[in-house]
>>> print(open('entry_7.cif').read())   # mmCIF, C-alpha atoms
data_protein
#
loop_
_atom_site.label_atom_id
_atom_site.label_comp_id
_atom_site.auth_asym_id
_atom_site.auth_seq_id
_atom_site.Cartn_x
_atom_site.Cartn_y
_atom_site.Cartn_z
CA MET A 1 -22.93 27.20 6.56
CA VAL A 2 -21.57 30.60 5.53
CA GLY A 3 -18.43 31.56 7.38
CA THR A 4 -14.94 30.38 8.05
CA HIS A 5 -14.08 26.75 8.70
CA ASN A 6 -10.67 25.88 10.07
CA TYR A 7 -9.03 22.49 9.68
CA GLU A 8 -6.17 21.26 11.79
CA LEU A 9 -4.24 18.04 11.82
CA VAL A 10 -0.88 16.59 12.80
CA VAL A 11 1.75 15.40 10.34
CA GLU A 12 4.53 13.62 12.24
CA TRP A 13 7.74 12.45 10.60
CA THR A 14 8.60 8.89 11.67
CA GLY A 15 11.53 8.33 9.32
CA ASN A 16 14.50 9.11 11.57
CA ARG A 17 16.75 6.07 11.17
CA GLY A 18 19.10 7.19 13.92
CA THR A 19 21.08 9.96 12.24
CA GLY A 20 18.25 12.26 11.20
CA THR A 21 18.80 14.04 7.92
CA SER A 22 22.57 13.66 8.02
CA ASN A 23 22.44 12.96 4.28
CA TYR A 24 19.86 12.44 1.54
CA ARG A 25 19.86 8.63 1.83
CA ALA A 26 20.08 8.48 5.62
CA TYR A 27 16.48 9.21 6.47
CA GLY A 28 13.12 7.67 5.69
CA ARG A 29 10.27 9.63 4.22
CA ASP A 30 7.71 7.87 6.43
CA HIS A 31 5.23 9.97 8.36
CA GLU A 32 1.79 9.77 9.92
CA VAL A 33 -1.21 12.03 9.39
CA ARG A 34 -3.71 12.34 12.24
CA ALA A 35 -6.63 14.57 13.07
CA ALA A 36 -8.55 15.01 16.30
CA GLY A 37 -11.57 12.75 16.37
CA ASN A 38 -10.32 10.45 13.61
CA THR A 39 -9.55 6.96 14.78
CA THR A 40 -7.53 6.12 11.67
CA THR A 41 -4.00 7.31 11.08
CA ILE A 42 -2.87 7.70 7.49
CA ALA A 43 0.54 6.17 6.91
CA GLY A 44 2.35 8.45 4.52
CA SER A 45 5.65 8.60 2.68
CA ALA A 46 7.11 10.15 -0.44
CA ASP A 47 6.40 8.82 -3.90
CA PRO A 48 8.70 5.83 -4.58
CA SER A 49 10.41 7.97 -7.25
CA PHE A 50 11.60 10.19 -4.40
CA ARG A 51 12.85 7.40 -2.10
CA GLY A 52 9.45 6.82 -0.51
CA ASP A 53 7.63 3.67 0.57
CA ALA A 54 5.23 2.41 -2.11
CA GLU A 55 3.03 0.80 0.58
CA ARG A 56 2.20 4.19 2.12
CA TRP A 57 0.16 7.08 0.79
CA ASN A 58 2.14 9.93 -0.74
CA PRO A 59 1.07 13.60 -0.84
CA GLU A 60 0.33 13.46 -4.57
CA GLU A 61 -2.06 10.53 -4.10
CA LEU A 62 -3.71 12.31 -1.18
CA LEU A 63 -4.28 15.43 -3.29
CA LEU A 64 -5.83 13.31 -6.02
CA ALA A 65 -7.97 11.48 -3.44
CA SER A 66 -9.09 14.82 -1.95
CA LEU A 67 -10.25 16.09 -5.33
CA SER A 68 -12.08 12.85 -6.08
CA GLN A 69 -13.72 12.66 -2.66
CA CYS A 70 -14.81 16.28 -2.72
CA HIS A 71 -16.31 15.94 -6.18
CA MET A 72 -18.12 12.73 -5.20
CA LEU A 73 -19.58 14.26 -2.05
CA SER A 74 -20.70 17.38 -3.94
CA PHE A 75 -22.18 15.23 -6.70
CA LEU A 76 -24.07 12.95 -4.28
CA HIS A 77 -25.51 15.98 -2.49
CA LEU A 78 -26.70 17.50 -5.76
CA ALA A 79 -28.15 14.16 -6.85
CA ALA A 80 -30.05 13.74 -3.59
CA VAL A 81 -31.59 17.21 -3.67
CA GLY A 82 -32.19 16.97 -7.43
CA GLY A 83 -34.14 13.72 -7.39
CA VAL A 84 -31.41 11.55 -8.93
CA VAL A 85 -31.09 8.23 -7.12
CA VAL A 86 -27.47 7.11 -7.27
CA THR A 87 -26.92 3.46 -6.38
CA ASP A 88 -23.18 3.23 -7.08
CA TYR A 89 -20.26 5.61 -7.64
CA VAL A 90 -16.67 4.67 -8.45
CA ASP A 91 -13.98 7.09 -9.59
CA THR A 92 -10.55 6.33 -11.01
CA PRO A 93 -8.98 9.79 -11.14
CA LEU A 94 -5.81 10.52 -13.06
CA GLY A 95 -3.43 13.32 -12.13
CA THR A 96 -0.49 14.67 -14.10
CA MET A 97 2.46 16.26 -12.36
CA GLU A 98 5.44 17.76 -14.14
CA LEU A 99 8.84 18.24 -12.57
CA GLY A 100 11.04 21.20 -13.40
CA ARG A 101 14.79 21.30 -13.78
CA ASP A 102 15.05 22.90 -10.35
CA GLY A 103 13.60 19.76 -8.73
CA GLY A 104 10.27 21.40 -7.99
CA GLY A 105 7.08 20.40 -9.67
CA GLN A 106 3.38 20.93 -9.87
CA PHE A 107 0.22 19.26 -10.98
CA THR A 108 -0.79 20.43 -14.43
CA GLU A 109 -4.19 18.76 -14.54
CA VAL A 110 -6.45 16.15 -13.01
CA THR A 111 -9.16 14.18 -14.75
CA LEU A 112 -11.89 12.65 -12.64
CA ARG A 113 -13.41 9.58 -14.27
CA PRO A 114 -16.47 8.68 -12.19
CA VAL A 115 -18.75 5.83 -13.19
CA VAL A 116 -22.14 6.61 -11.68
CA THR A 117 -25.02 4.16 -11.56
CA VAL A 118 -28.52 5.60 -11.26
CA ALA A 119 -31.73 3.79 -10.39
CA ASP A 120 -33.70 4.67 -13.52
CA VAL A 121 -32.99 5.64 -17.13
CA SER A 122 -35.00 8.85 -16.64
CA MET A 123 -32.26 10.08 -14.27
CA ALA A 124 -29.27 9.45 -16.56
CA GLU A 125 -29.16 12.75 -18.42
CA LYS A 126 -29.54 14.84 -15.26
CA ALA A 127 -26.85 12.76 -13.54
CA GLN A 128 -24.48 13.50 -16.41
CA THR A 129 -25.05 17.24 -16.14
CA LEU A 130 -24.60 17.35 -12.35
CA HIS A 131 -20.83 16.90 -12.66
CA GLU A 132 -20.32 20.49 -13.81
CA SER A 133 -22.26 21.83 -10.84
CA ALA A 134 -20.44 19.47 -8.48
CA ASN A 135 -17.11 20.78 -9.73
CA ALA A 136 -18.27 24.36 -9.16
CA GLN A 137 -19.24 23.50 -5.57
CA CYS A 138 -16.24 21.33 -4.65
CA PHE A 139 -14.10 23.20 -2.13
CA ILE A 140 -10.92 21.42 -3.18
CA ALA A 141 -11.37 21.89 -6.94
CA ARG A 142 -12.02 25.59 -6.32
CA SER A 143 -8.76 25.81 -4.36
CA VAL A 144 -6.27 24.34 -6.82
CA ASN A 145 -4.47 26.26 -9.57
CA PHE A 146 -4.75 23.64 -12.29
CA PRO A 147 -7.72 22.41 -14.31
CA VAL A 148 -9.89 19.59 -12.98
CA HIS A 149 -11.50 17.83 -15.92
CA HIS A 150 -14.33 15.30 -15.86
CA SER A 151 -14.90 12.26 -17.97
CA PRO A 152 -17.99 10.76 -16.35
CA GLU A 153 -19.95 7.70 -17.36
CA VAL A 154 -23.54 7.15 -16.27
CA ARG A 155 -25.06 3.68 -16.08
CA VAL A 156 -28.58 2.59 -15.28
CA ALA A 157 -28.97 -0.05 -12.57
CA SER A 158 -31.78 -1.90 -14.34
CA SER A 159 -29.71 -2.34 -17.50
CA GLN A 160 -26.71 -3.96 -15.81
CA ALA A 161 -26.19 -7.70 -16.03
#
>>> encode(input="entry_7.cif", output="C-alpha cells")
Amino acid sequence: MVGTHNYELVVEWTGNRGTGTSNYRAYGRDHEVRAAGNTTTIAGSADPSFRGDAERWNPEELLLASLSQCHMLSFLHLAAVGGVVVTDYVDTPLGTMELGRDGGGQFTEVTLRPVVTVADVSMAEKAQTLHESANAQCFIARSVNFPVHHSPEVRVASSQA
C-alpha cells in the first residue's frame, strides 16, 4: 500500500446555452463528473447562491461528502480490525465556508456528526475512541487546510426500539 496513487477523472462543462460565456448570466454552471470504470456520472453545478442548479451536486457538497466518506471508510476499517461490530453508520456532516470581499472563499471548518450503531454495549467506548484514529488515517482530512471536527454518537443495537 505504500507508494503513490494517482487519480484521474473527467469534468465536462455542459452549460453552454448557445453563446458560451458571453456574459455572466448567459451560461449554465452544469457539468458532469466521470471516472474510468465508474458507471455513474455525477451531475454537478454551482451552488444555487452562485447561479447553479439546486438539483445537482455542487463542489462544496462534494468536498463535504468526500470528507464524510473517507472518515466513514477509515472508521469501518478500524472497527473491523479492532473487534468492534458496526451494524449502522449515518453521518450528517456540516461544513462552513466563508466568502471574502474579493469573491473568493474557503472552508473554515467541517464537523462530522456520525451516528454509529454497534452490536454490543461492550464495544461502545472503543467505537467512540476510534473516530480520532480514523481522522488521522483519512486521506482527505489529512489533505485539507481547515479543521475537521467530530461530534460522534454511539448507539447499541440491542438497546434500540
>>> resolve_selection(input="entry_7.cif", expression="the PyMOL selection byres ((chain A and resi 20-37) around 12)", output="ChimeraX atom specification")
/A:7-19,38-59,62
>>> closest_atom_pairs(input="entry_7.cif", of="range 36-113 of chain A", to="range 153-157 of chain A", cutoff="10 Å", atoms="all atoms listed in the file", output="Markdown table")
| residue | atom | partner | partner_atom | distance |
| --- | --- | --- | --- | --- |
| A:Val86 | CA | A:Ala157 | CA | 9.0 |
| A:Thr87 | CA | A:Ala157 | CA | 7.4 |
| A:Asp88 | CA | A:Ala157 | CA | 8.6 |
| A:Tyr89 | CA | A:Val154 | CA | 9.4 |
| A:Val90 | CA | A:Glu153 | CA | 10.0 |
| A:Asp91 | CA | A:Glu153 | CA | 9.8 |
| A:Arg113 | CA | A:Glu153 | CA | 7.5 |
>>> residues_around(input="entry_7.cif", residues="Met72 in chain A", least_positions_apart="3", cutoff="8 Å", atoms="only C-alpha atoms", output="NGL selection string")
:A and (68-69 or 75-76 or 89 or 134)
>>> atom_distance(input="entry_7.cif", atom1="CA of Arg142 in chain A", atom2="CA of Val84 in chain A")
24.1 Å
>>> resolve_selection(input="entry_7.cif", expression="the PyMOL selection byres ((chain A and resi 78) around 12)", output="PDB file with C-alpha atoms, in the coordinates of the input")
ATOM      1  CA  HIS A  71     -16.310  15.940  -6.180  1.00  0.00           C
ATOM      2  CA  MET A  72     -18.120  12.730  -5.200  1.00  0.00           C
ATOM      3  CA  LEU A  73     -19.580  14.260  -2.050  1.00  0.00           C
ATOM      4  CA  SER A  74     -20.700  17.380  -3.940  1.00  0.00           C
ATOM      5  CA  PHE A  75     -22.180  15.230  -6.700  1.00  0.00           C
ATOM      6  CA  LEU A  76     -24.070  12.950  -4.280  1.00  0.00           C
ATOM      7  CA  HIS A  77     -25.510  15.980  -2.490  1.00  0.00           C
ATOM      8  CA  ALA A  79     -28.150  14.160  -6.850  1.00  0.00           C
ATOM      9  CA  ALA A  80     -30.050  13.740  -3.590  1.00  0.00           C
ATOM     10  CA  VAL A  81     -31.590  17.210  -3.670  1.00  0.00           C
ATOM     11  CA  GLY A  82     -32.190  16.970  -7.430  1.00  0.00           C
ATOM     12  CA  GLY A  83     -34.140  13.720  -7.390  1.00  0.00           C
ATOM     13  CA  VAL A  84     -31.410  11.550  -8.930  1.00  0.00           C
ATOM     14  CA  VAL A  85     -31.090   8.230  -7.120  1.00  0.00           C
ATOM     15  CA  VAL A  86     -27.470   7.110  -7.270  1.00  0.00           C
ATOM     16  CA  LYS A 126     -29.540  14.840 -15.260  1.00  0.00           C
ATOM     17  CA  ALA A 127     -26.850  12.760 -13.540  1.00  0.00           C
ATOM     18  CA  GLN A 128     -24.480  13.500 -16.410  1.00  0.00           C
ATOM     19  CA  THR A 129     -25.050  17.240 -16.140  1.00  0.00           C
ATOM     20  CA  LEU A 130     -24.600  17.350 -12.350  1.00  0.00           C
ATOM     21  CA  HIS A 131     -20.830  16.900 -12.660  1.00  0.00           C
ATOM     22  CA  GLU A 132     -20.320  20.490 -13.810  1.00  0.00           C
ATOM     23  CA  SER A 133     -22.260  21.830 -10.840  1.00  0.00           C
ATOM     24  CA  ALA A 134     -20.440  19.470  -8.480  1.00  0.00           C
ATOM     25  CA  ASN A 135     -17.110  20.780  -9.730  1.00  0.00           C
ATOM     26  CA  ALA A 136     -18.270  24.360  -9.160  1.00  0.00           C
ATOM     27  CA  GLN A 137     -19.240  23.500  -5.570  1.00  0.00           C
ATOM     28  CA  CYS A 138     -16.240  21.330  -4.650  1.00  0.00           C
TER      29      CYS A 138
END
>>> closest_residue(input="entry_7.cif", among="A:Val148, A:Thr4, A:Ser66, A:Val121", to="Thr96 in chain A", atoms="all atoms listed in the file")
A:Val148
>>> atom_distance(input="entry_7.cif", atom1="CA of Asn145 in chain A", atom2="CA of Gly104 in chain A")
15.6 Å
>>> closest_residue(input="entry_7.cif", among="A:Leu64, A:Val115, A:Val144, A:Met123", to="Gly95 in chain A", atoms="all atoms listed in the file")
A:Leu64
>>> closest_residue(input="entry_7.cif", among="A:Leu94, A:Val2, A:Leu63, A:Ala124", to="Ser143 in chain A", atoms="all atoms listed in the file")
A:Leu63
>>> atom_distance(input="entry_7.cif", atom1="CA of Thr92 in chain A", atom2="CA of Phe146 in chain A")
18.3 Å
>>> axis_aligned_box(input="entry_7.cif", around="range 40-51 of chain A", padding_each_side="6 Å", output="lines of an AutoDock Vina configuration file")
center_x = 2.7
center_y = 8.0
center_z = 2.2
size_x = 32.4
size_y = 16.4
size_z = 30.9
>>> closest_residue(input="entry_7.cif", among="A:Val110, A:Leu99, A:Ala65, A:Val118", to="Ser151 in chain A", atoms="only C-alpha atoms")
A:Val110
